[in-house]
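Report on the structure given below.
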Amino acid sequence: MSNQQPETTAAKHNSRLPDIEHDHKNGHVHKHGHSDISGRKIFFVTMLNVVITIAEFIGGLVSGSLALLSDSLHNLSDTVAVAMSYFAHRIAQRPKNARLSYGYKRIEILAALVNSIALLGIAVFLIFEAVSRWRSPETINSTLMLVVAFIGLVANLLGVFLLERDSHRSLNIKSSYLHLLSDTISSVGVLLGGLAIRFWNVVWVDPLITMLIAVYIIIQTGRMLRDIVSILMQTAANLDYDKLRRDILAIDHVRGLHHIHTWMINEETIFFEAHVQMEDMPLAEVQTITEKIEELLKAEYGVSHVTLQAEVLTCACEEVCDA
């Protein structure tokens, strides 16, 4: 099997990248994906975000802009997200062992869960602060707000540019890339708010922008949490099970398929197990058929690991059960 895979059904249905381990008959494993992501680039983006966070936090305190303070907290969470996603990715590359037979891949999901909960906490805090500021408006130094917001915008654009290429090869890094992209949008909002305060003295726009940033964070985080919880609850992978069943039954000597179970240990790695009813035949021929099924599932559906139980007698469940 070559390292170059065509677009799979799993990719069409799940928008997953083909970061799949392929176990070949000779026992070695090929890893496709994002192990070559530049640590130096991630480190630079992280340090860049630290500088933005500090600048916006100090600028927000001095200028009195809650929007700047909220953007600095958003940047802080994204700084942690970028660093956490990279280190989680590095740990996930460690090989399996007797204690962790699935390996370390789920640590990326746990890192995303921690980051999502922190983001929700920050968003709720920002909403309370925005409501308080709306009731008691404060004088804002719009010039300082504009200068700091512009610096933040330029730095965020640089971070987005640096991660754009790797975001196409890693869903984990893509999440950090989208965080930085949202920071860029936030910086634009703060910049526009600073202009409105400077030229029209509409100080209420500052808490308004803060509220919008917080709501945006909640919406994006809610979507992430939905996917994270689905994976942790071992929800079945989003595959076309009717087509999958037809494809497997089309293989010679296969008479039935049932007790299908699929689950994921991260957003890319699908595990598959099922009972396969076959004609009565020698064990060597059974192995040939199971290998064909395994190759089909990996090539067409993006499945990473396949476990099949061959049967001759009819099972009580003739259809696709527990899919």
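By convention in this document, the chains of the structure tokens carry letters A, B, ... by their order, each chain's residues are numbered from 1, and ligands are numbered from 1 in the order they are shown.
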(message) If we count only C-alpha atoms and set the cut-off at 8 Å, which residues sit around segment 189-196 of chain A, ignoring sequence neighbours fewer than 6 positions away in its own chain? Please answer as a count of residues only.
(response) 13
(message) Using DSSP assignments from the backbone, pull out every residue in segment 110-306 of chain A that falls under helix (DSSP H, G or I) and give it to me as a ChimeraX atom specification.
(response) /A:110-135,142-167,171-200,205-232,241-249,283-301
(message) Just want the 12 Å neighbourhood of Arg135 of chain A, counted on only C-alpha atoms, with same-chain residues fewer than 2 positions away dropped. Output as a PyMOL selection string.
(response) chain A and resi 128-133+137-138+203-204+207-208
(message) Residues within 8 Å of segment 52-63 of chain A, please, as a PyMOL selection string. Count only C-alpha atoms; anything in the same chain fewer than 2 positions from it doesn't count.
(response) chain A and resi 48-50+65-69+71-73+75-76+140-142+144-145+148-149+151-152+155
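Here atom CA of Ala284 of chain A is placed at a distance of 14.6 Å from atom CA of Val312 of chain A.
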(message) I'd like the neighbourhood of Leu297 of chain A as a list in words, where a residue qualifies if any of its atoms comes within 10 Å (using only C-alpha atoms), though same-chain residues fewer than 2 positions away should be ignored.
(response) Thr8, Thr9, Ala10, Leu244, Asp247, Ile248, Phe272, Glu291, Lys292, Ile293, Glu294, Glu295, Ala299, Glu300, Tyr301, Gly302, Val303, Ser304, His305 and Val306 of chain A
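Residue nearest His259 of chain A, chosen from A:Ala214, A:Leu308, A:Ser186, A:Gly222 and counting only C-alpha atoms: A:Leu308.
Note that the spacing between atom CA of Ala81 of chain A and atom CA of Arg165 of chain A amounts to 17.9 Å.
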(request) May I ask which of the residues A:Lys298, A:His258, A:His253, A:His74 is the closest one to Pro282 of chain A, counting only C-alpha atoms? (result) A:His253
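Here the DSSP assignment of strand (DSSP E or B), based on backbone atoms, applies within segment 184-302 of chain A to Val254, Arg255, Gly256, Leu257, His258, His259, Ile260, His261, Thr262, Trp263, Met264, Ile270, Phe271, Phe272, Glu273, Ala274, His275, Val276, Gln277 and Met278 of chain A.
For the pair atom CA of Ile109 of chain A and atom CA of Leu158 of chain A, the interatomic distance is 26.8 Å.
Among the candidate residues A:Ile217, A:Val160, A:Ile91, A:Val147, the one lying nearest to Ala118 of chain A is A:Ile217, with distances computed using only C-alpha atoms.
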